[in-house]
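Asker: Here you go, query_35.cif (mmCIF, C-alpha atoms and all ligand atoms):
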```
data_my_file
#
loop_
_atom_site.label_atom_id
_atom_site.label_comp_id
_atom_site.auth_asym_id
_atom_site.auth_seq_id
_atom_site.Cartn_x
_atom_site.Cartn_y
_atom_site.Cartn_z
CA MET A 119 -5.95 3.21 36.18
CA ASN A 120 -8.19 6.24 35.59
CA VAL A 121 -5.31 8.11 34.08
CA LEU A 122 -4.62 5.24 31.71
CA LEU A 123 -8.26 5.10 30.70
CA ILE A 124 -8.43 8.81 29.96
CA PHE A 125 -5.20 8.65 27.99
CA GLY A 126 -6.63 5.77 25.96
CA VAL A 127 -9.78 7.68 25.13
CA VAL A 128 -7.87 10.76 24.07
CA LEU A 129 -5.64 8.69 21.80
CA LEU A 130 -8.62 7.01 20.20
CA SER A 131 -10.50 10.23 19.55
CA ALA A 132 -7.39 11.88 18.14
CA HIS A 133 -7.17 9.10 15.60
CA HIS A 134 -10.84 9.08 14.80
CA SER A 135 -11.03 12.75 14.02
CA SER A 136 -8.85 12.28 10.94
CA ALA A 137 -9.58 8.63 10.26
CA ASN A 138 -11.60 9.56 7.20
CA PHE A 139 -8.57 9.22 5.00
CA ILE A 140 -5.74 7.60 7.00
CA ALA A 141 -7.00 4.40 8.63
CA ASN A 142 -3.91 3.91 10.77
CA CYS A 143 -0.13 3.83 10.71
CA SER A 144 0.02 0.80 12.97
CA ALA A 145 2.21 -2.23 12.56
CA THR A 146 3.32 -5.07 14.80
CA PRO A 147 7.02 -5.37 15.63
CA GLU A 148 7.24 -8.20 13.09
CA GLU A 149 5.56 -6.10 10.40
CA ILE A 150 7.79 -3.14 11.19
CA GLU A 151 10.86 -5.28 10.80
CA ARG A 152 9.62 -6.59 7.45
CA ILE A 153 8.56 -3.16 6.13
CA VAL A 154 11.87 -1.55 7.05
CA LEU A 155 13.69 -4.45 5.42
CA VAL A 156 11.65 -5.32 2.33
CA ASP A 157 10.07 -1.94 1.53
CA GLY A 158 13.10 0.05 2.65
CA ASN A 159 16.67 -1.06 3.17
CA TYR A 160 16.62 -3.98 0.75
CA ILE A 161 15.51 -1.69 -2.08
CA ARG A 162 18.06 0.97 -1.10
CA HIS A 163 20.85 -1.60 -0.88
CA ASN A 164 20.09 -2.87 -4.38
CA PHE A 165 19.69 0.59 -5.88
CA ALA A 166 22.99 1.71 -4.35
CA LEU A 167 24.74 -1.38 -5.72
CA MET A 168 23.21 -1.11 -9.16
CA TYR A 169 23.89 2.60 -9.68
CA ASN A 170 26.92 3.09 -7.40
CA VAL A 171 25.46 5.38 -4.79
CA SER A 172 28.07 5.94 -2.09
CA ASN A 173 26.03 7.84 0.52
CA MET A 174 22.82 5.83 0.93
CA ARG A 175 21.70 5.89 4.56
CA GLU A 176 19.94 3.17 6.50
CA LEU A 177 16.21 3.65 7.14
CA GLU A 178 14.52 3.09 10.45
CA TRP A 179 10.86 3.07 11.40
CA ASP A 180 9.58 6.39 12.71
CA GLN A 181 6.18 6.28 14.35
CA ASN A 182 6.39 10.04 14.96
CA LEU A 183 5.71 10.67 11.27
CA GLU A 184 2.11 9.55 11.83
CA LYS A 185 1.40 13.04 13.22
CA GLU A 186 2.03 14.31 9.70
CA ALA A 187 0.10 11.51 8.02
CA PHE A 188 -2.98 12.15 10.14
CA LYS A 189 -3.11 15.71 8.81
CA MET A 190 -3.94 14.32 5.37
CA ASN A 191 -7.63 14.30 4.53
CA SER A 192 -7.77 13.10 0.94
CA CYS A 193 -5.69 11.81 -1.97
CA ASP A 194 -5.02 15.44 -2.87
CA ASP A 195 -3.00 15.71 0.34
CA LEU A 196 -0.38 13.16 -0.81
CA LYS A 197 2.19 15.92 -0.81
CA HIS A 198 5.57 16.37 0.80
CA GLY A 199 5.68 18.12 4.16
CA ASP A 200 8.28 20.03 6.16
CA ASN A 201 10.08 16.94 7.50
CA TYR A 202 9.07 14.15 5.12
CA ARG A 203 8.35 13.16 1.56
CA VAL A 204 5.55 10.86 0.53
CA GLU A 205 5.73 8.32 -2.29
CA TYR A 206 3.97 9.79 -5.37
CA GLY A 207 4.05 13.26 -3.80
CA THR A 208 5.73 14.59 -6.95
CA ALA A 209 5.97 11.47 -9.08
CA LYS A 210 7.12 12.96 -12.40
CA GLU A 211 9.56 15.45 -10.97
CA SER A 212 11.08 12.88 -8.60
CA ILE A 213 11.52 10.25 -11.32
CA SER A 214 13.18 12.78 -13.59
CA ILE A 215 15.67 13.71 -10.86
CA LEU A 216 16.47 10.05 -10.28
CA THR A 217 16.91 9.33 -13.99
CA GLU A 218 19.05 12.45 -14.40
CA PHE A 219 21.48 11.06 -11.83
CA ILE A 220 21.51 7.66 -13.55
CA ASP A 221 21.92 9.14 -17.04
CA LYS A 222 24.80 11.30 -15.85
CA THR A 223 26.76 8.59 -14.08
CA SER A 224 25.80 5.28 -15.57
CA LYS A 225 26.16 3.65 -18.94
CA LYS A 226 23.90 0.91 -17.72
CA LYS A 227 20.39 0.77 -19.12
CA LYS A 228 17.88 1.81 -16.52
CA GLY A 229 16.43 -1.26 -14.91
CA GLY A 230 14.29 -1.81 -11.87
CA TRP A 231 14.40 -0.07 -8.51
CA LEU A 232 13.40 3.31 -9.98
CA TRP A 233 11.42 4.46 -6.97
CA PRO A 234 12.60 7.95 -6.20
CA GLU A 235 11.39 8.44 -2.64
CA VAL A 236 12.51 5.14 -1.14
CA ASN A 237 15.88 5.60 -2.83
CA HIS A 238 16.50 9.14 -1.57
CA PRO A 239 20.01 8.71 -0.14
CA LEU A 240 19.59 11.22 2.70
CA GLN A 241 16.40 9.84 4.21
CA THR A 242 16.65 7.86 7.44
CA LYS A 243 13.00 7.41 8.48
CA ILE A 244 10.17 5.36 7.06
CA LEU A 245 6.52 4.96 8.05
CA ARG A 246 3.73 3.05 6.33
CA CYS A 247 0.08 3.99 6.76
CA HIS A 248 -3.15 2.33 5.66
CA LEU A 249 -5.74 4.40 3.80
CA THR A 250 -9.47 3.99 4.29
CA ASP A 251 -9.96 4.28 0.51
CA PHE A 252 -7.90 3.93 -2.65
CA CYS A 253 -5.88 6.68 -4.24
CA SER A 254 -5.12 6.64 -7.93
CA VAL A 255 -1.44 7.34 -8.64
CA PRO A 256 0.51 7.62 -11.91
CA GLY A 257 2.28 4.49 -13.13
CA TYR A 258 5.69 4.84 -14.75
CA ASN A 259 6.53 2.63 -17.72
CA LEU A 260 10.22 1.68 -17.58
CA MET A 261 10.32 0.80 -21.27
CA SER A 262 8.84 3.99 -22.66
CA GLY A 263 10.00 6.26 -19.86
CA GLU A 264 6.51 7.74 -19.70
CA PHE A 265 3.74 7.91 -17.16
CA GLU A 266 1.17 5.87 -19.01
CA SER A 267 -1.31 4.53 -16.54
CA PHE A 268 -2.78 4.88 -13.14
CA PHE A 269 -3.06 2.36 -10.38
CA ASN A 270 -4.74 2.29 -7.01
CA ILE A 271 -2.88 2.27 -3.74
CA SER A 272 -4.34 1.62 -0.30
CA ARG A 273 -1.14 2.23 1.65
CA ILE A 274 1.29 5.11 1.66
CA TYR A 275 4.92 5.41 2.67
CA LEU A 276 6.39 8.48 4.29
CA TYR A 277 10.16 9.06 4.30
CA GLY A 278 11.91 11.60 6.48
CA PRO A 279 13.44 13.86 7.58
CA ILE A 280 14.37 15.52 4.26
CA ASN A 281 11.68 17.35 2.28
CA SER A 282 13.58 18.07 -0.95
CA LEU A 283 15.14 15.90 -3.64
CA LYS A 284 18.08 17.07 -5.75
CA VAL A 285 20.35 15.32 -8.21
CA SER A 286 23.26 16.28 -5.94
CA ASP A 287 21.72 14.26 -3.10
CA PHE A 288 23.02 11.19 -4.97
CA GLN A 289 26.78 10.76 -4.56
CA TYR A 290 28.40 8.54 -7.15
CA GLY A 291 30.99 6.02 -6.00
CA PRO A 292 31.48 2.61 -4.43
CA THR A 293 28.50 1.64 -2.28
CA GLY A 294 28.90 2.82 1.31
CA SER A 295 32.13 4.73 0.68
CA LYS A 296 30.72 8.14 1.69
CA CYS A 297 29.33 7.41 5.13
CA PRO A 298 30.56 10.09 7.56
CA GLU A 299 29.31 8.10 10.55
CA GLY A 300 30.36 4.68 9.34
CA LEU A 301 28.72 1.77 7.68
CA VAL A 302 25.92 -0.62 8.59
CA GLU A 303 27.80 -3.59 7.22
CA GLN A 304 24.83 -5.83 6.56
CA TRP A 305 23.69 -3.40 3.85
CA ASP A 306 26.62 -1.22 2.93
CA LEU A 307 24.27 1.58 3.97
CA CYS A 308 25.33 4.56 6.03
CA HIS A 309 24.79 4.63 9.76
CA ASP A 310 22.97 7.71 11.07
CA SER A 311 23.39 8.48 14.75
CA LYS A 312 20.27 10.67 14.83
CA ASN A 313 18.21 7.53 14.45
CA ASP A 314 16.98 6.77 17.93
CA PRO A 315 17.99 3.23 18.92
CA LYS A 316 14.79 3.05 20.99
CA THR A 317 12.71 3.00 17.81
CA ARG A 318 14.67 0.04 16.47
CA PRO A 319 12.52 -3.10 16.31
CA GLU A 320 13.82 -5.72 18.75
C1 LIG B 401 -5.21 -0.57 10.02
O1 LIG B 401 -6.00 -0.35 8.87
C2 LIG B 401 -6.07 -1.47 8.01
C3 LIG B 401 -6.85 -1.04 6.77
O2 LIG B 401 -8.07 -0.46 7.11
C4 LIG B 401 -6.72 -2.62 8.73
O3 LIG B 401 -6.76 -3.76 7.88
C5 LIG B 401 -5.91 -2.95 9.97
O4 LIG B 401 -6.55 -3.97 10.70
C6 LIG B 401 -5.76 -1.71 10.83
N1 LIG B 401 -4.87 -2.02 11.94
C7 LIG B 401 -5.12 -1.64 13.17
C8 LIG B 401 -4.12 -2.03 14.20
O5 LIG B 401 -6.10 -0.99 13.46
C1 LIG B 402 29.89 0.81 -10.50
O1 LIG B 402 31.23 0.68 -10.12
C2 LIG B 402 31.84 -0.52 -10.60
C3 LIG B 402 33.23 -0.61 -9.99
O2 LIG B 402 33.93 0.58 -10.20
C4 LIG B 402 31.85 -0.51 -12.12
O3 LIG B 402 32.40 -1.72 -12.60
C5 LIG B 402 30.40 -0.39 -12.61
O4 LIG B 402 30.36 -0.29 -14.01
C6 LIG B 402 29.73 0.83 -12.01
N1 LIG B 402 28.32 0.83 -12.36
C7 LIG B 402 27.68 1.91 -12.76
C8 LIG B 402 26.25 1.73 -13.04
O5 LIG B 402 28.23 3.00 -12.89
C1 LIG B 403 -9.19 2.40 -9.06
O1 LIG B 403 -10.35 2.53 -8.24
C2 LIG B 403 -11.44 3.14 -8.88
C3 LIG B 403 -12.57 3.26 -7.87
O2 LIG B 403 -12.14 3.88 -6.71
C4 LIG B 403 -11.86 2.34 -10.07
O3 LIG B 403 -12.91 3.00 -10.76
C5 LIG B 403 -10.69 2.14 -11.03
O4 LIG B 403 -11.05 1.28 -12.07
C6 LIG B 403 -9.51 1.56 -10.28
N1 LIG B 403 -8.37 1.54 -11.17
C7 LIG B 403 -7.56 0.48 -11.28
C8 LIG B 403 -6.42 0.63 -12.23
O5 LIG B 403 -7.72 -0.55 -10.64
#
```
Please re-express this file's structure in structure tokens.
Ligand SMILES: *[C@@H]1O[C@H](CO)[C@@H](O)[C@H](O)[C@H]1NC(C)=O
Ligand SMILES: *[C@@H]1O[C@H](CO)[C@@H](O)[C@H](O)[C@H]1NC(C)=O
Ligand SMILES: *[C@@H]1O[C@H](CO)[C@@H](O)[C@H](O)[C@H]1NC(C)=O

Answerer:
Amino acid sequence: MNVLLIFGVVLLSAHHSSANFIANCSATPEEIERIVLVDGNYIRHNFALMYNVSNMRELEWDQNLEKEAFKMNSCDDLKHGDNYRVEYGTAKESISILTEFIDKTSKKKKGGWLWPEVNHPLQTKILRCHLTDFCSVPGYNLMSGEFESFFNISRIYLYGPINSLKVSDFQYGPTGSKCPEGLVEQWDLCHDSKNDPKTRPE
């Protein structure tokens, strides 16, 4: 009992010390399931189908990434780390890498789904955190191909474990055809055995 209490206090104070910027990275099992689906694998599935990405891996929730998130103290810290990338961490550069892949391989006009970090084929982890304040991030205009505006976000998404993005990370071919460890059939996304089944939402 005492041990539990002390552990609880330590956890709380650890969170409070950096709670100035990151409110929390908490989510209920139901929310986790929805985030991984709607903000993750559904987008990746559609991007892979639309642009013929053959090596897109399945994402799973990774609470461990909150250690990295809690190191951020302001909007200026929305930068990629050693074992993750954060949405808007390098917005212009990331979009240009994504569009370079599409321009090279596809005759199709660029449509939706142009989010570079969530569509990084080699990522397998996702975490969403709430901010205590808004951050202003650049908005990309699909029509003009320019960053024309800013909008405010109050949540951030971290994707791991890869910290770089290269055009060669995108393999062109039939969806799910370059999955060394097999396919998650529901999505035509690649299975990754390093994903710990224990972190899978029930
Ligand atoms: C996490 O932070 C958000 C935004 O401040 C808040 O609405 C939510 O209730 C918090 N969740 C928990 C579990 O503390
Ligand atoms: C994707 O592959 C299919 C089947 O080979 C082809 O019909 C389609 O045009 C390709 N799409 C793109 C965007 O390359
Ligand atoms: C973003 O928030 C700031 C205040 O933090 C506000 O001044 C600005 O108008 C907001 N921008 C948008 C696009 O909502």

Asker: Can you tell me which residues come within 6 Å of ligand LIG 401 (chain B) when counting all atoms listed in the file, ideally as a VMD selection string?

Answerer: chain A and resid 141 to 142 144 248 250

Asker: Nearest residue to ligand LIG 403 (chain B) out of A:Phe219, A:Tyr258, A:Phe269, A:Tyr206, using all atoms listed in the file?

Answerer: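 Of A:Phe219, A:Tyr258, A:Phe269, A:Tyr206, the one nearest ligand LIG 403 (chain B), counting all atoms listed in the file, is A:Phe269.
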
Asker: Tell me which of A:Thr223, A:Glu211, A:Asn138, A:Leu177 sits closest to Gly291 in chain A, counting only C-alpha atoms.

Answerer: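 Smallest separation from Gly291 in chain A among the options: A:Thr223.
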
Asker: What does the list of residues within 7 Å of ligand LIG 403 (chain B) look like if you count all atoms listed in the file, written as a list in words?

Answerer: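 Result of the 7 Å neighbour search around ligand LIG 403 (chain B): Phe252, Ser254, Phe268, Phe269 and Asn270 of chain A.
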
Asker: Edge lengths and centre, in Å to one decimal, as JSON: that's what I need for the box along x, y and z that holds all listed atoms of ligand LIG 402 (chain B) plus 6 Å on each side.

Answerer:
```
{"center_x": 30.1, "center_y": 0.6, "center_z": -12.0, "size_x": 19.7, "size_y": 16.7, "size_z": 16.0}
```

Asker: Could you pull the residues within 9 Å of Leu167 in chain A, counting only C-alpha atoms, minus those fewer than 3 positions along the same chain, as JSON, numbers by chain?

Answerer: {"A": [162, 163, 164, 170, 171, 172, 292, 293, 306]}

Asker: Using all atoms listed in the file, which of A:Asp195, A:Gly300, A:Tyr169, A:Pro256 sits nearest Asp221 in chain A?

Answerer: A:Tyr169

Asker: So which one's closest to ligand LIG 402 (chain B), A:Leu183, A:Ile220, A:Ala145, A:Met190? Using only C-alpha atoms and all ligand atoms, please.

Answerer: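 Of A:Leu183, A:Ile220, A:Ala145, A:Met190, the one nearest ligand LIG 402 (chain B) is A:Ile220, counting only C-alpha atoms and all ligand atoms.
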
Asker: When you look at Glu205 in chain A with a cut-off of 6 Å (counting all atoms listed in the file), what residues show up, excluding the ones that are within fewer than 2 positions of it in the same chain? I need them as a PyMOL selection string.

Answerer: chain A and resi 207+235+275

Asker: Quick one: distance from CA of Ile213 in chain A to CA of Ser311 in chain A in Å, one decimal?

Answerer: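 Value for the CA of Ile213 in chain A-CA of Ser311 in chain A distance: 28.7 Å.
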
Asker: Please list as a short mmCIF file (atom, residue, chain, number, x, y, z; two decimals) with C-alpha atoms, keeping the file's coordinate frame every residue within 9 Å of Trp233 in chain A, counting only C-alpha atoms and excluding residues in the same chain fewer than 4 positions away.

Answerer:
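So around_24.cif came out as:
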```cif
data_model
loop_
_atom_site.label_atom_id
_atom_site.label_comp_id
_atom_site.auth_asym_id
_atom_site.auth_seq_id
_atom_site.Cartn_x
_atom_site.Cartn_y
_atom_site.Cartn_z
CA ILE A 161 15.51 -1.69 -2.08
CA GLU A 205 5.73 8.32 -2.29
CA SER A 212 11.08 12.88 -8.60
CA ILE A 213 11.52 10.25 -11.32
CA LEU A 216 16.47 10.05 -10.28
CA ASN A 237 15.88 5.60 -2.83
CA HIS A 238 16.50 9.14 -1.57
#
```

Asker: For ligand LIG 402 (chain B), which of A:Arg175, A:His309, A:Lys222, A:Lys210 is the closest residue, counting only C-alpha atoms and all ligand atoms?

Answerer: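 The closest residue to ligand LIG 402 (chain B) is A:Lys222.
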
Asker: Taking (-5.3, 10.2, 0.8) in the coordinates of the supplied file, I want to know which residues reach to within 8 Å of it, counting only C-alpha atoms; could you give the answer as a list of chain:residue names?

Answerer: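 Residues found, by chain and rising number: A:Phe139, A:Ile140, A:Met190, A:Asn191, A:Ser192, A:Cys193, A:Asp194, A:Asp195, A:Leu196, A:Leu249, A:Asp251, A:Phe252, A:Cys253.
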
Asker: Just to be explicit: take each residue in the selection above, keep C-alpha atoms, and write the result as a PDB file, in the coordinates of the input.

Answerer:
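Generated output (result11.pdb):
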```pdb
ATOM      1  CA  PHE A 139      -8.570   9.220   5.000  1.00  0.00           C
ATOM      2  CA  ILE A 140      -5.740   7.600   7.000  1.00  0.00           C
ATOM      3  CA  MET A 190      -3.940  14.320   5.370  1.00  0.00           C
ATOM      4  CA  ASN A 191      -7.630  14.300   4.530  1.00  0.00           C
ATOM      5  CA  SER A 192      -7.770  13.100   0.940  1.00  0.00           C
ATOM      6  CA  CYS A 193      -5.690  11.810  -1.970  1.00  0.00           C
ATOM      7  CA  ASP A 194      -5.020  15.440  -2.870  1.00  0.00           C
ATOM      8  CA  ASP A 195      -3.000  15.710   0.340  1.00  0.00           C
ATOM      9  CA  LEU A 196      -0.380  13.160  -0.810  1.00  0.00           C
ATOM     10  CA  LEU A 249      -5.740   4.400   3.800  1.00  0.00           C
ATOM     11  CA  ASP A 251      -9.960   4.280   0.510  1.00  0.00           C
ATOM     12  CA  PHE A 252      -7.900   3.930  -2.650  1.00  0.00           C
ATOM     13  CA  CYS A 253      -5.880   6.680  -4.240  1.00  0.00           C
TER      14      CYS A 253
END
```

Asker: Please compute the CA of Glu149 in chain A-CA of Leu307 in chain A distance, one decimal, in Å.

Answerer: 21.2 Å

Asker: What separation in Å, quoted to one decimal, exists between atom O5 of ligand LIG 402 (chain B) and CA of Pro234 in chain A?

Answerer: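 These two atoms are separated by 17.7 Å.
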
Asker: Kindly indicate which residue among A:Arg152, A:Lys225, A:Lys189, A:Arg203 lies nearest to ligand LIG 402 (chain B), using all atoms listed in the file for the distances.

Answerer: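 Among the listed residues, the smallest separation from ligand LIG 402 (chain B) belongs to A:Lys225.
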
Asker: When you look at Pro239 in chain A with a cut-off of 7 Å (counting all atoms listed in the file), what residues show up, excluding the ones that are within fewer than 4 positions of it in the same chain? I need them as a list in words.

Answerer: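 Everything that qualifies: Asn173, Met174, Arg175, Asp287 and Phe288 of chain A.
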